[in-house]
Number of protein chains: 2
Amino acid sequence: MDDIDRRLIALLQEDATVSYATLGKGAGLSAGAAHERVRKLRERGVIRRTTVEVDPAALDRGVLAFVMVDSTAWMGESADAFAAIAEIQEAHVIAGSASVLVKVRTATTGQLQDVLRRLYAIEGVSGTQATVSLETFFERPVSPLPG
Amino acid sequence: MDDIDRRLIALLQEDATVSYATLGKGAGLSAGAAHERVRKLRERGVIRRTTVEVDPAALDRGVLAFVMVDSTAWMGESADAFAAIAEIQEAHVIAGSASVLVKVRTATTGQLQDVLRRLYAIEGVSGTQATVSLETFFERPVSPLPG
DNA sequence: TATGAAAAGAGGAAGTG
DNA sequence: CACTTCCTCTTTTCATA
């Protein structure tokens, strides 16, 4: 992971459809060398996958909320229960009073309420605190640049 | 946006490097038809971009925290101030006691502390409450399927 | 690891049903 | 809208340094 790798990642995060020739030019490499480096980044798992970024509203997921899920038991083994709820985009075990923080996207606040109901149905869950997002300033890839 | 479009999006989210021929097969379409639909999804802004998903730890961003940022003033115009902090991956204006929720990734908790210091330097910011993630259950694309 | 070149395959743009 | 065809460019592999 040197500065060239970071540069390649930055370029791919911006647009992963560019050719290796263009990619190499942007990093001061030949197409072949750029290709080889990217292949290794994938092999090492640094680049996990190539994917598309979608407008949530277009998929009927215009309502964004973060929900703190309190529990009476250790939730460390409950990943599947959260993953089974399609509206949950992320789930993290957290330090602090609650035990799991989830990011939820639904079409309406009514559906958000339904997600909360399903969260309560998970074993050990004792409470939820939902915080609705009014506006998203930005959501961007993890910066490969230091600082 | 019919079911075929949703299917195409689901396949692309999983692996955006597949050929249009493979993509079409997965959605019951010819390569050309799949290509045309994907082109339109991009044109309409449903698909925003093709990008790569990266392992945060490999980029020296192994510490994940969510920070509630309290403020004394309306933060609705402060997007740039948050965007200027490279460690911030997302920033959302929220309903509730705090006014902005940010997702932060740093190499160490020391660097997290430094981000908090820089958050305090933003005009109007009166306080922060950081919640550190101990484990990420999952982070996945927005589900294109209903329910 | 980088380069350069050759073969295999995919992208992109026609025209047709 | 979807399918097919055709041409171009890219990806992928390999030999070489």
# chains A, B, ... in the order shown; residues from 1 in each chain; ligands from 1

$ select_by_dssp --residues "segment 16-146 of chain B" --states "strand (DSSP E)" --output "PyMOL selection string"
chain B and resi 47-54+63-71+88-94+100-106+125-139

$ closest_atom_pairs --of "chain B" --to "chain D" --cutoff "12 Å" --atoms "only C-alpha atoms (C1' of nucleotides)" --output "JSON lines"
{"residue": "B:Thr17", "atom": "CA", "partner": "D:DT11", "partner_atom": "C1'", "distance": 11.3}
{"residue": "B:Ser19", "atom": "CA", "partner": "D:DT11", "partner_atom": "C1'", "distance": 11.6}
{"residue": "B:Gly24", "atom": "CA", "partner": "D:DA2", "partner_atom": "C1'", "distance": 11.4}
{"residue": "B:Gly28", "atom": "CA", "partner": "D:DA2", "partner_atom": "C1'", "distance": 11.1}
{"residue": "B:Leu29", "atom": "CA", "partner": "D:DA2", "partner_atom": "C1'", "distance": 8.1}
{"residue": "B:Ser30", "atom": "CA", "partner": "D:DC3", "partner_atom": "C1'", "distance": 6.9}
{"residue": "B:Ala31", "atom": "CA", "partner": "D:DC3", "partner_atom": "C1'", "distance": 8.9}
{"residue": "B:Gly32", "atom": "CA", "partner": "D:DC3", "partner_atom": "C1'", "distance": 7.3}
{"residue": "B:Ala33", "atom": "CA", "partner": "D:DA2", "partner_atom": "C1'", "distance": 5.7}
{"residue": "B:Ala34", "atom": "CA", "partner": "D:DA2", "partner_atom": "C1'", "distance": 9.2}
{"residue": "B:His35", "atom": "CA", "partner": "D:DA2", "partner_atom": "C1'", "distance": 10.9}
{"residue": "B:Glu36", "atom": "CA", "partner": "D:DA2", "partner_atom": "C1'", "distance": 9.4}
{"residue": "B:Arg37", "atom": "CA", "partner": "D:DC1", "partner_atom": "C1'", "distance": 9.7}

$ write_last_selection --atoms "C-alpha atoms" --output "compact mmCIF listing (two decimals), in the first residue's frame"
# COMPACT_ATOMS: atom_id res chain seq x y z
CA THR B 17 -17.78 -5.99 -13.39
CA SER B 19 -20.61 -8.36 -18.73
CA GLY B 24 -28.94 -9.93 -19.18
CA GLY B 28 -33.98 -12.68 -18.56
CA LEU B 29 -32.80 -10.16 -21.15
CA SER B 30 -30.42 -10.03 -24.08
CA ALA B 31 -27.10 -8.26 -23.65
CA GLY B 32 -28.28 -5.32 -25.74
CA ALA B 33 -31.52 -4.89 -23.80
CA ALA B 34 -29.69 -5.07 -20.49
CA HIS B 35 -27.22 -2.50 -21.73
CA GLU B 36 -29.99 -0.14 -22.79
CA ARG B 37 -31.80 -0.40 -19.46

$ closest_atom_pairs --of "chain A" --to "chain B" --cutoff "8 Å" --atoms "only C-alpha atoms" --output "JSON lines"
{"residue": "A:Ile9", "atom": "CA", "partner": "B:Val52", "partner_atom": "CA", "distance": 7.8}
{"residue": "A:Leu12", "atom": "CA", "partner": "B:Thr51", "partner_atom": "CA", "distance": 6.1}
{"residue": "A:Gln13", "atom": "CA", "partner": "B:Thr51", "partner_atom": "CA", "distance": 4.6}
{"residue": "A:Glu14", "atom": "CA", "partner": "B:Thr51", "partner_atom": "CA", "distance": 6.2}
{"residue": "A:Asp15", "atom": "CA", "partner": "B:Thr51", "partner_atom": "CA", "distance": 5.5}
{"residue": "A:Ala16", "atom": "CA", "partner": "B:Thr51", "partner_atom": "CA", "distance": 4.8}
{"residue": "A:Thr17", "atom": "CA", "partner": "B:Thr50", "partner_atom": "CA", "distance": 6.5}
{"residue": "A:Gly45", "atom": "CA", "partner": "B:Asp55", "partner_atom": "CA", "distance": 7.0}
{"residue": "A:Val46", "atom": "CA", "partner": "B:Asp55", "partner_atom": "CA", "distance": 5.1}
{"residue": "A:Ile47", "atom": "CA", "partner": "B:Val54", "partner_atom": "CA", "distance": 4.5}
{"residue": "A:Arg48", "atom": "CA", "partner": "B:Glu53", "partner_atom": "CA", "distance": 5.4}
{"residue": "A:Arg49", "atom": "CA", "partner": "B:Glu53", "partner_atom": "CA", "distance": 5.3}
{"residue": "A:Thr50", "atom": "CA", "partner": "B:Val52", "partner_atom": "CA", "distance": 4.4}
{"residue": "A:Thr51", "atom": "CA", "partner": "B:Gln13", "partner_atom": "CA", "distance": 4.6}
{"residue": "A:Val52", "atom": "CA", "partner": "B:Thr50", "partner_atom": "CA", "distance": 4.4}
{"residue": "A:Glu53", "atom": "CA", "partner": "B:Arg49", "partner_atom": "CA", "distance": 5.3}
{"residue": "A:Val54", "atom": "CA", "partner": "B:Ile47", "partner_atom": "CA", "distance": 4.5}
{"residue": "A:Asp55", "atom": "CA", "partner": "B:Val46", "partner_atom": "CA", "distance": 5.1}
{"residue": "A:Pro56", "atom": "CA", "partner": "B:Val142", "partner_atom": "CA", "distance": 6.6}
{"residue": "A:Ala58", "atom": "CA", "partner": "B:Val46", "partner_atom": "CA", "distance": 5.9}
{"residue": "A:Leu59", "atom": "CA", "partner": "B:Pro144", "partner_atom": "CA", "distance": 5.6}
{"residue": "A:Asp60", "atom": "CA", "partner": "B:Pro146", "partner_atom": "CA", "distance": 7.8}
{"residue": "A:Arg61", "atom": "CA", "partner": "B:Val142", "partner_atom": "CA", "distance": 8.0}
{"residue": "A:Ala79", "atom": "CA", "partner": "B:Phe137", "partner_atom": "CA", "distance": 5.5}
{"residue": "A:Ala83", "atom": "CA", "partner": "B:Phe138", "partner_atom": "CA", "distance": 7.7}
{"residue": "A:Ala86", "atom": "CA", "partner": "B:Ser143", "partner_atom": "CA", "distance": 6.4}
{"residue": "A:Glu87", "atom": "CA", "partner": "B:Ser143", "partner_atom": "CA", "distance": 7.0}
{"residue": "A:Gln89", "atom": "CA", "partner": "B:Arg140", "partner_atom": "CA", "distance": 5.5}
{"residue": "A:Glu90", "atom": "CA", "partner": "B:Glu139", "partner_atom": "CA", "distance": 4.4}
{"residue": "A:Ala91", "atom": "CA", "partner": "B:Phe137", "partner_atom": "CA", "distance": 5.3}
{"residue": "A:His92", "atom": "CA", "partner": "B:Thr136", "partner_atom": "CA", "distance": 4.3}
{"residue": "A:Val93", "atom": "CA", "partner": "B:Glu135", "partner_atom": "CA", "distance": 5.1}
{"residue": "A:Ile94", "atom": "CA", "partner": "B:Ser133", "partner_atom": "CA", "distance": 4.3}
{"residue": "A:Ala95", "atom": "CA", "partner": "B:Val132", "partner_atom": "CA", "distance": 5.6}
{"residue": "A:Gly96", "atom": "CA", "partner": "B:Thr131", "partner_atom": "CA", "distance": 6.5}
{"residue": "A:Arg105", "atom": "CA", "partner": "B:Val142", "partner_atom": "CA", "distance": 7.7}
{"residue": "A:Thr131", "atom": "CA", "partner": "B:Ala95", "partner_atom": "CA", "distance": 6.3}
{"residue": "A:Val132", "atom": "CA", "partner": "B:Ala95", "partner_atom": "CA", "distance": 5.6}
{"residue": "A:Ser133", "atom": "CA", "partner": "B:Ile94", "partner_atom": "CA", "distance": 4.3}
{"residue": "A:Leu134", "atom": "CA", "partner": "B:Ile94", "partner_atom": "CA", "distance": 5.2}
{"residue": "A:Glu135", "atom": "CA", "partner": "B:Val93", "partner_atom": "CA", "distance": 5.1}
{"residue": "A:Thr136", "atom": "CA", "partner": "B:His92", "partner_atom": "CA", "distance": 4.3}
{"residue": "A:Phe137", "atom": "CA", "partner": "B:Ala91", "partner_atom": "CA", "distance": 5.3}
{"residue": "A:Phe138", "atom": "CA", "partner": "B:Glu90", "partner_atom": "CA", "distance": 5.5}
{"residue": "A:Glu139", "atom": "CA", "partner": "B:Glu90", "partner_atom": "CA", "distance": 4.4}
{"residue": "A:Arg140", "atom": "CA", "partner": "B:Gln89", "partner_atom": "CA", "distance": 5.6}
{"residue": "A:Pro141", "atom": "CA", "partner": "B:Gln89", "partner_atom": "CA", "distance": 6.6}
{"residue": "A:Val142", "atom": "CA", "partner": "B:Gln89", "partner_atom": "CA", "distance": 6.0}
{"residue": "A:Ser143", "atom": "CA", "partner": "B:Ala86", "partner_atom": "CA", "distance": 6.4}
{"residue": "A:Pro144", "atom": "CA", "partner": "B:Leu59", "partner_atom": "CA", "distance": 5.6}
{"residue": "A:Leu145", "atom": "CA", "partner": "B:Leu59", "partner_atom": "CA", "distance": 7.9}
{"residue": "A:Pro146", "atom": "CA", "partner": "B:Asp60", "partner_atom": "CA", "distance": 7.8}
{"residue": "A:Gly147", "atom": "CA", "partner": "B:Ala86", "partner_atom": "CA", "distance": 6.8}

$ select_by_dssp --residues "chain B" --states "alpha helix (DSSP H)" --output "ChimeraX atom specification"
/B:3-14,20-27,31-43,79-83,109-120

$ write_last_selection --atoms "N, CA and C atoms" --output "tab-separated table (two decimals), in the first residue's frame"
chain	number	residue	atom	x	y	z
B	3	ASP	N	-39.68	-4.43	-12.05
B	3	ASP	CA	-38.94	-5.48	-11.35
B	3	ASP	C	-37.64	-5.85	-12.05
B	4	ILE	N	-37.63	-5.74	-13.38
B	4	ILE	CA	-36.40	-6.06	-14.13
B	4	ILE	C	-35.30	-5.06	-13.77
B	5	ASP	N	-35.66	-3.78	-13.70
B	5	ASP	CA	-34.68	-2.76	-13.30
B	5	ASP	C	-34.13	-3.06	-11.91
B	6	ARG	N	-35.01	-3.43	-11.01
B	6	ARG	CA	-34.57	-3.75	-9.64
B	6	ARG	C	-33.63	-4.95	-9.64
B	7	ARG	N	-33.95	-5.90	-10.48
B	7	ARG	CA	-33.10	-7.09	-10.58
B	7	ARG	C	-31.72	-6.71	-11.12
B	8	LEU	N	-31.70	-5.88	-12.16
B	8	LEU	CA	-30.43	-5.43	-12.73
B	8	LEU	C	-29.60	-4.70	-11.69
B	9	ILE	N	-30.25	-3.83	-10.93
B	9	ILE	CA	-29.55	-3.08	-9.89
B	9	ILE	C	-28.98	-4.03	-8.84
B	10	ALA	N	-29.77	-5.00	-8.43
B	10	ALA	CA	-29.30	-5.96	-7.43
B	10	ALA	C	-28.05	-6.69	-7.92
B	11	LEU	N	-28.07	-7.10	-9.18
B	11	LEU	CA	-26.93	-7.82	-9.75
B	11	LEU	C	-25.70	-6.92	-9.84
B	12	LEU	N	-25.90	-5.68	-10.24
B	12	LEU	CA	-24.78	-4.75	-10.36
B	12	LEU	C	-24.22	-4.37	-8.99
B	13	GLN	N	-25.08	-4.29	-7.99
B	13	GLN	CA	-24.59	-3.97	-6.64
B	13	GLN	C	-23.66	-5.08	-6.16
B	14	GLU	N	-24.02	-6.29	-6.50
B	14	GLU	CA	-23.21	-7.43	-6.08
B	14	GLU	C	-21.87	-7.46	-6.81
B	20	TYR	N	-22.51	-7.39	-19.89
B	20	TYR	CA	-23.93	-7.17	-20.13
B	20	TYR	C	-24.61	-8.46	-20.53
B	21	ALA	N	-23.85	-9.36	-21.15
B	21	ALA	CA	-24.41	-10.66	-21.52
B	21	ALA	C	-24.82	-11.43	-20.27
B	22	THR	N	-23.90	-11.51	-19.30
B	22	THR	CA	-24.19	-12.19	-18.03
B	22	THR	C	-25.31	-11.50	-17.27
B	23	LEU	N	-25.23	-10.18	-17.26
B	23	LEU	CA	-26.24	-9.38	-16.57
B	23	LEU	C	-27.61	-9.65	-17.16
B	24	GLY	N	-27.68	-9.67	-18.50
B	24	GLY	CA	-28.94	-9.93	-19.18
B	24	GLY	C	-29.47	-11.31	-18.83
B	25	LYS	N	-28.59	-12.28	-18.81
B	25	LYS	CA	-29.00	-13.65	-18.50
B	25	LYS	C	-29.66	-13.69	-17.12
B	26	GLY	N	-29.06	-12.99	-16.18
B	26	GLY	CA	-29.59	-12.96	-14.82
B	26	GLY	C	-30.93	-12.27	-14.68
B	27	ALA	N	-31.28	-11.49	-15.69
B	27	ALA	CA	-32.53	-10.74	-15.61
B	27	ALA	C	-33.51	-11.17	-16.71
B	31	ALA	N	-28.16	-9.18	-24.06
B	31	ALA	CA	-27.10	-8.26	-23.65
B	31	ALA	C	-27.46	-6.82	-24.04
B	32	GLY	N	-27.94	-6.66	-25.26
B	32	GLY	CA	-28.28	-5.32	-25.74
B	32	GLY	C	-29.37	-4.67	-24.91
B	33	ALA	N	-30.41	-5.43	-24.59
B	33	ALA	CA	-31.52	-4.89	-23.80
B	33	ALA	C	-31.06	-4.52	-22.40
B	34	ALA	N	-30.22	-5.36	-21.82
B	34	ALA	CA	-29.69	-5.07	-20.49
B	34	ALA	C	-28.87	-3.79	-20.53
B	35	HIS	N	-28.05	-3.69	-21.57
B	35	HIS	CA	-27.22	-2.50	-21.73
B	35	HIS	C	-28.07	-1.23	-21.79
B	36	GLU	N	-29.11	-1.30	-22.61
B	36	GLU	CA	-29.99	-0.14	-22.79
B	36	GLU	C	-30.69	0.27	-21.49
B	37	ARG	N	-31.13	-0.71	-20.73
B	37	ARG	CA	-31.80	-0.40	-19.46
B	37	ARG	C	-30.82	0.22	-18.46
B	38	VAL	N	-29.63	-0.34	-18.40
B	38	VAL	CA	-28.64	0.19	-17.46
B	38	VAL	C	-28.25	1.62	-17.87
B	39	ARG	N	-28.13	1.83	-19.17
B	39	ARG	CA	-27.81	3.17	-19.66
B	39	ARG	C	-28.86	4.17	-19.18
B	40	LYS	N	-30.12	3.79	-19.27
B	40	LYS	CA	-31.20	4.69	-18.86
B	40	LYS	C	-31.22	4.89	-17.34
B	41	LEU	N	-30.90	3.83	-16.61
B	41	LEU	CA	-30.86	3.97	-15.14
B	41	LEU	C	-29.77	4.97	-14.74
B	42	ARG	N	-28.67	4.95	-15.47
B	42	ARG	CA	-27.59	5.92	-15.21
B	42	ARG	C	-28.06	7.32	-15.60
B	43	GLU	N	-28.66	7.41	-16.77
B	43	GLU	CA	-29.11	8.70	-17.30
B	43	GLU	C	-30.10	9.36	-16.33
B	79	ALA	N	-22.45	22.24	5.28
B	79	ALA	CA	-21.98	21.00	4.64
B	79	ALA	C	-20.49	21.04	4.33
B	80	ASP	N	-20.02	22.15	3.79
B	80	ASP	CA	-18.62	22.26	3.40
B	80	ASP	C	-17.66	22.12	4.57
B	81	ALA	N	-18.05	22.68	5.71
B	81	ALA	CA	-17.19	22.62	6.89
B	81	ALA	C	-16.97	21.16	7.31
B	82	PHE	N	-18.03	20.36	7.20
B	82	PHE	CA	-17.90	18.94	7.55
B	82	PHE	C	-17.13	18.19	6.46
B	83	ALA	N	-17.42	18.53	5.22
B	83	ALA	CA	-16.77	17.84	4.10
B	83	ALA	C	-15.26	18.08	4.10
B	109	THR	N	-7.87	5.89	18.09
B	109	THR	CA	-8.79	6.70	18.90
B	109	THR	C	-8.19	8.08	19.15
B	110	GLY	N	-6.87	8.15	19.11
B	110	GLY	CA	-6.22	9.46	19.23
B	110	GLY	C	-6.61	10.37	18.08
B	111	GLN	N	-6.64	9.79	16.89
B	111	GLN	CA	-7.04	10.58	15.73
B	111	GLN	C	-8.52	10.93	15.78
B	112	LEU	N	-9.30	10.05	16.40
B	112	LEU	CA	-10.72	10.36	16.57
B	112	LEU	C	-10.87	11.61	17.45
B	113	GLN	N	-10.07	11.64	18.50
B	113	GLN	CA	-10.08	12.80	19.40
B	113	GLN	C	-9.73	14.08	18.63
B	114	ASP	N	-8.80	13.96	17.73
B	114	ASP	CA	-8.41	15.13	16.93
B	114	ASP	C	-9.55	15.58	16.01
B	115	VAL	N	-10.30	14.61	15.50
B	115	VAL	CA	-11.46	14.98	14.67
B	115	VAL	C	-12.49	15.73	15.51
B	116	LEU	N	-12.69	15.26	16.74
B	116	LEU	CA	-13.64	15.95	17.63
B	116	LEU	C	-13.20	17.40	17.85
B	117	ARG	N	-11.89	17.57	18.04
B	117	ARG	CA	-11.35	18.92	18.22
B	117	ARG	C	-11.66	19.79	16.99
B	118	ARG	N	-11.50	19.21	15.80
B	118	ARG	CA	-11.78	19.98	14.58
B	118	ARG	C	-13.27	20.25	14.41
B	119	LEU	N	-14.09	19.32	14.93
B	119	LEU	CA	-15.53	19.56	14.86
B	119	LEU	C	-15.91	20.76	15.73
B	120	TYR	N	-15.29	20.84	16.89
B	120	TYR	CA	-15.57	21.96	17.81
B	120	TYR	C	-15.20	23.30	17.17

$ interface_residues --of "chain C" --to "chain A" --cutoff "12 Å" --atoms "only C-alpha atoms (C1' of nucleotides)" --output "list in words"
DT1, DA2, DT3, DG4, DA5 and DG11 of chain C

$ write_last_selection --atoms "N, CA and C atoms (P, O5', C5', C4', C3', O3' and C1' of nucleotides)" --output "mmCIF file, in the first residue's frame"
data_model
loop_
_atom_site.group_PDB
_atom_site.id
_atom_site.type_symbol
_atom_site.label_atom_id
_atom_site.label_comp_id
_atom_site.auth_asym_id
_atom_site.auth_seq_id
_atom_site.Cartn_x
_atom_site.Cartn_y
_atom_site.Cartn_z
ATOM 1 P P DT C 1 5.655 -6.349 -5.369
ATOM 2 O "O5'" DT C 1 6.132 -5.882 -6.794
ATOM 3 C "C5'" DT C 1 5.538 -4.862 -7.401
ATOM 4 C "C4'" DT C 1 6.416 -4.399 -8.529
ATOM 5 C "C3'" DT C 1 5.526 -3.862 -9.646
ATOM 6 O "O3'" DT C 1 5.731 -2.473 -9.711
ATOM 7 C "C1'" DT C 1 7.291 -5.221 -10.493
ATOM 8 P P DA C 2 4.731 -1.749 -10.682
ATOM 9 O "O5'" DA C 2 5.492 -1.734 -12.076
ATOM 10 C "C5'" DA C 2 6.591 -0.863 -12.256
ATOM 11 C "C4'" DA C 2 7.099 -0.976 -13.666
ATOM 12 C "C3'" DA C 2 6.071 -0.612 -14.739
ATOM 13 O "O3'" DA C 2 6.613 0.360 -15.615
ATOM 14 C "C1'" DA C 2 6.969 -2.778 -15.154
ATOM 15 P P DT C 3 5.682 0.971 -16.733
ATOM 16 O "O5'" DT C 3 6.014 0.104 -18.028
ATOM 17 C "C5'" DT C 3 7.370 -0.010 -18.463
ATOM 18 C "C4'" DT C 3 7.456 -1.019 -19.593
ATOM 19 C "C3'" DT C 3 6.473 -0.755 -20.744
ATOM 20 O "O3'" DT C 3 7.219 -0.323 -21.874
ATOM 21 C "C1'" DT C 3 6.609 -3.073 -20.147
ATOM 22 P P DG C 4 6.512 0.396 -23.087
ATOM 23 O "O5'" DG C 4 6.194 -0.844 -24.051
ATOM 24 C "C5'" DG C 4 7.245 -1.718 -24.410
ATOM 25 C "C4'" DG C 4 6.673 -2.894 -25.199
ATOM 26 C "C3'" DG C 4 5.578 -2.515 -26.212
ATOM 27 O "O3'" DG C 4 5.813 -3.228 -27.415
ATOM 28 C "C1'" DG C 4 4.754 -4.166 -24.733
ATOM 29 P P DA C 5 4.969 -2.890 -28.727
ATOM 30 O "O5'" DA C 5 4.343 -4.321 -29.087
ATOM 31 C "C5'" DA C 5 5.148 -5.498 -28.908
ATOM 32 C "C4'" DA C 5 4.251 -6.717 -28.922
ATOM 33 C "C3'" DA C 5 3.107 -6.642 -29.939
ATOM 34 O "O3'" DA C 5 2.892 -7.933 -30.500
ATOM 35 C "C1'" DA C 5 2.211 -7.005 -27.811
ATOM 36 P P DG C 11 -19.354 -5.167 -21.012
ATOM 37 O "O5'" DG C 11 -19.098 -3.927 -21.990
ATOM 38 C "C5'" DG C 11 -17.989 -3.104 -21.723
ATOM 39 C "C4'" DG C 11 -17.875 -2.039 -22.786
ATOM 40 C "C3'" DG C 11 -19.088 -1.121 -22.901
ATOM 41 O "O3'" DG C 11 -18.604 0.199 -23.090
ATOM 42 C "C1'" DG C 11 -18.726 -2.231 -24.974
#
